[in-house]
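Shown next, in structure tokens, is the structure this report addresses.
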Amino acid sequence: MLAQFESPAAAVRAHEELFGYWAALKQQRAAQAHATTALPGRPDIHPSHFKRHLPAVSLIDVRRGPEGRRDYRLRLAGTDLYGVYGQEITGKGLGDVFRGEAEAYWRTELDKVVDTKKPAAGVHSLSWRGAEHLSILWLRLPLASDGRRVDMILGYDALIGGAGLRAASGIRAT
């Protein structure tokens, strides 16, 4: 099964829509908590508000193990992500989906989202899957049940590419 390709412009629009949705939730949560800032939590997310994006959406659990080591588990992965990652990734840990440099890349990016409590976006090559001509334009949005400590990450991955596309990894949103 192949994932649906998006034009880079359509992928950026999807990122903007999801980021705008998340930012509005963040603002509402802060107002409710009478705080300057508060992150939205999973209960604040209503999938019906972004139905057309659901096939490329993921929810990533942030797990804290002994000695403070974090691990990540893909709680939910939309149907398009099977084609992106070449396997069903729902319920799998980071190390079950990625190996070597790809696993290190994602661990670093997810750690940054957790540590900074800020969204991140980037382009990552699928060369680790043998598909050098394909990349994902990704977005990761922090969620926190208590408004402060990130315990889940909302993700969106758009498959882009074709002959001649070469993208650098790790563009960071500020």
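FYI, nothing fancy with the structure tokens labels: chains A, B, ... in order, residues from 1 per chain, ligands from 1 as they appear.
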
Legend entry - Surrounding residues of range 19-27 of chain A excluding itself and chain neighbours under 6 positions, 9 Å, only C-alpha atoms, as number ranges by chain: A: 36-41, 44-45, 49-50, 119, 139, 141-142, 147

Inset, instruction - DSSP on the backbone, then: every residue of range 19-136 of chain A marked helix (DSSP H, G or I), written as number ranges by chain. - result: A: 19-33, 42-44, 47-56, 66-68, 80-85, 94-97, 100-116, 127-129

Inset, instruction - Write out as an MDAnalysis selection string each polymer residue whose atoms come within 6 Å of range 51-56 of chain A, counting only C-alpha atoms; drop sequence neighbours fewer than 5 positions from it. - result: chainID A and resid 78:81 156:157

Could you write out that same residue set with C-alpha atoms as an mmCIF file, in the first residue's frame?
```
data_model
loop_
_atom_site.group_PDB
_atom_site.id
_atom_site.type_symbol
_atom_site.label_atom_id
_atom_site.label_comp_id
_atom_site.auth_asym_id
_atom_site.auth_seq_id
_atom_site.Cartn_x
_atom_site.Cartn_y
_atom_site.Cartn_z
ATOM 1 C CA GLY A 78 -3.378 7.101 10.610
ATOM 2 C CA THR A 79 -3.906 4.803 7.643
ATOM 3 C CA ASP A 80 -1.595 6.775 5.306
ATOM 4 C CA LEU A 81 1.331 6.192 7.662
ATOM 5 C CA TYR A 156 1.398 14.876 11.138
ATOM 6 C CA ASP A 157 3.496 13.351 8.340
#
```

Inset, instruction - Take CA of Arg75 in chain A and CA of Leu143 in chain A and report the distance between them in Å, one decimal. - result: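 Value for the CA of Arg75 in chain A-CA of Leu143 in chain A distance: 13.4 Å.
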
Inset, instruction - Fewer than 2 positions away in the same chain doesn't count, so skip those; otherwise give me all residues within 12 Å of Arg70 in chain A, counting only C-alpha atoms, as a PyMOL selection string. - result: chain A and resi 61-68+72-73+93-94+107-108+110-112+114-115+150-152

Output the selection as a compact mmCIF listing (two decimals), in the first residue's frame - N, CA and C atoms for each residue.
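Output contents, as saved in part-v8.txt:
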```
# COMPACT_ATOMS: atom_id res chain seq x y z
N ASP A 61 2.94 8.53 22.57
CA ASP A 61 3.04 8.57 24.04
C ASP A 61 4.47 8.84 24.44
N VAL A 62 4.64 9.70 25.43
CA VAL A 62 5.96 9.97 26.02
C VAL A 62 6.02 9.13 27.29
N ARG A 63 6.94 8.19 27.33
CA ARG A 63 7.09 7.33 28.50
C ARG A 63 8.38 7.67 29.22
N ARG A 64 8.27 7.74 30.51
CA ARG A 64 9.45 8.02 31.33
C ARG A 64 9.81 6.77 32.10
N GLY A 65 10.99 6.25 31.83
CA GLY A 65 11.43 5.02 32.46
C GLY A 65 12.36 5.27 33.62
N PRO A 66 12.95 4.19 34.11
CA PRO A 66 13.91 4.33 35.20
C PRO A 66 15.10 5.20 34.77
N GLU A 67 15.65 5.86 35.74
CA GLU A 67 16.82 6.73 35.51
C GLU A 67 16.51 7.88 34.56
N GLY A 68 15.22 8.23 34.44
CA GLY A 68 14.85 9.40 33.65
C GLY A 68 14.88 9.21 32.15
N TYR A 72 9.36 6.46 23.53
CA TYR A 72 8.19 6.92 22.80
C TYR A 72 7.49 5.72 22.18
N ARG A 73 6.15 5.72 22.29
CA ARG A 73 5.34 4.66 21.71
C ARG A 73 4.26 5.30 20.86
N GLY A 93 7.05 0.86 19.60
CA GLY A 93 8.01 1.80 20.15
C GLY A 93 8.88 2.36 19.05
N LEU A 94 9.58 3.43 19.35
CA LEU A 94 10.45 4.08 18.38
C LEU A 94 11.46 3.11 17.78
N ARG A 107 14.47 10.29 17.94
CA ARG A 107 14.60 10.43 19.39
C ARG A 107 15.03 11.87 19.73
N THR A 108 16.00 12.40 18.99
CA THR A 108 16.47 13.77 19.21
C THR A 108 15.34 14.78 18.98
N LEU A 110 12.01 14.31 19.00
CA LEU A 110 10.95 14.17 20.00
C LEU A 110 11.41 14.68 21.36
N ASP A 111 12.67 14.41 21.71
CA ASP A 111 13.21 14.95 22.97
C ASP A 111 13.15 16.48 22.98
N LYS A 112 13.45 17.12 21.84
CA LYS A 112 13.40 18.58 21.77
C LYS A 112 11.97 19.09 22.01
N VAL A 114 9.64 17.62 23.77
CA VAL A 114 9.34 17.43 25.18
C VAL A 114 10.08 18.46 26.03
N ASP A 115 11.37 18.65 25.77
CA ASP A 115 12.18 19.55 26.59
C ASP A 115 11.78 21.02 26.44
N VAL A 150 4.87 17.54 29.17
CA VAL A 150 4.51 16.89 27.91
C VAL A 150 4.44 15.38 28.13
N ASP A 151 3.26 14.80 27.85
CA ASP A 151 3.10 13.36 28.00
C ASP A 151 2.61 12.69 26.71
N MET A 152 2.37 13.52 25.69
CA MET A 152 1.94 13.00 24.40
C MET A 152 2.32 14.02 23.33
```

Legend entry - Two-atom distance - CA of Ala14 in chain A, CA of Leu59 in chain A (Å): 16.4 Å

Inset, instruction - Extract, using only C-alpha atoms, all DNA, RNA and protein residues at most 12 Å from Tyr82 in chain A, discarding same-chain residues fewer than 3 positions from it, and format them as a list of chain:residue names. - result: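 Counting only the stated atoms, we get A:Met1, A:Leu2, A:Ala3, A:Gln4, A:Pro55, A:Ala56, A:Val57, A:Ser58, A:Leu76, A:Ala77, A:Gly78, A:Thr79, A:Tyr85, A:Gly86, A:Gln87, A:Glu88, A:Ile89, A:Thr90, A:Val97, A:Asp157, A:Leu159.
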
Using only N, CA and C atoms, please write the residues we just selected to a file, as a short mmCIF file (atom, residue, chain, number, x, y, z; two decimals), in the first residue's frame.
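Wrote it out as out_35.cif, contents follow:
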```cif
data_model
loop_
_atom_site.label_atom_id
_atom_site.label_comp_id
_atom_site.auth_asym_id
_atom_site.auth_seq_id
_atom_site.Cartn_x
_atom_site.Cartn_y
_atom_site.Cartn_z
N MET A 1 0.84 -1.17 0.00
CA MET A 1 0.00 0.00 0.00
C MET A 1 0.89 1.24 0.00
N LEU A 2 0.64 2.13 -0.92
CA LEU A 2 1.40 3.37 -0.98
C LEU A 2 0.64 4.49 -0.30
N ALA A 3 1.39 5.35 0.36
CA ALA A 3 0.78 6.52 1.00
C ALA A 3 0.43 7.54 -0.07
N GLN A 4 -0.47 8.41 0.25
CA GLN A 4 -0.87 9.47 -0.64
C GLN A 4 0.19 10.55 -0.67
N PRO A 55 -5.83 10.63 8.23
CA PRO A 55 -5.00 9.53 7.72
C PRO A 55 -3.49 9.72 7.91
N ALA A 56 -3.05 10.96 8.11
CA ALA A 56 -1.62 11.23 8.27
C ALA A 56 -1.25 11.68 9.69
N VAL A 57 -2.18 11.51 10.62
CA VAL A 57 -1.99 11.95 12.01
C VAL A 57 -1.51 10.78 12.87
N SER A 58 -0.68 11.12 13.86
CA SER A 58 -0.24 10.13 14.84
C SER A 58 -0.33 10.74 16.24
N LEU A 76 -1.23 5.80 18.22
CA LEU A 76 -2.16 5.78 17.09
C LEU A 76 -1.43 6.27 15.85
N ALA A 77 -1.69 5.62 14.73
CA ALA A 77 -1.10 6.06 13.46
C ALA A 77 -2.16 5.96 12.37
N GLY A 78 -2.38 7.07 11.69
CA GLY A 78 -3.38 7.10 10.61
C GLY A 78 -3.04 6.13 9.49
N THR A 79 -4.04 5.82 8.69
CA THR A 79 -3.91 4.80 7.64
C THR A 79 -2.84 5.14 6.59
N TYR A 85 5.75 4.43 6.31
CA TYR A 85 6.73 3.71 7.11
C TYR A 85 6.90 2.25 6.71
N GLY A 86 6.07 1.77 5.78
CA GLY A 86 6.24 0.40 5.26
C GLY A 86 5.75 -0.68 6.20
N GLN A 87 5.03 -0.31 7.25
CA GLN A 87 4.50 -1.27 8.20
C GLN A 87 3.46 -0.58 9.08
N GLU A 88 2.67 -1.39 9.77
CA GLU A 88 1.74 -0.84 10.75
C GLU A 88 2.56 -0.40 11.95
N ILE A 89 2.44 0.86 12.35
CA ILE A 89 3.27 1.37 13.45
C ILE A 89 2.47 1.63 14.72
N THR A 90 1.15 1.51 14.67
CA THR A 90 0.35 1.70 15.88
C THR A 90 0.79 0.70 16.95
N VAL A 97 10.24 0.78 14.97
CA VAL A 97 9.92 1.38 13.68
C VAL A 97 11.19 1.82 12.96
N ASP A 157 2.45 13.67 9.31
CA ASP A 157 3.50 13.35 8.34
C ASP A 157 2.92 13.37 6.93
N LEU A 159 3.76 12.84 2.97
CA LEU A 159 4.73 12.25 2.05
C LEU A 159 4.88 13.16 0.85
#
```

Legend entry - d(CA of Gly122 in chain A, CA of Ile136 in chain A) in Å: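 So the two atoms, CA of Gly122 in chain A and CA of Ile136 in chain A, lie 8.1 Å apart.
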
Inset, instruction - Among the residues of chain A, find those DSSP assigns to strand (DSSP E or B) from the backbone and print them as a PyMOL selection string. - result: chain A and resi 5+57-64+70-77+93+120-126+131-143+152-161
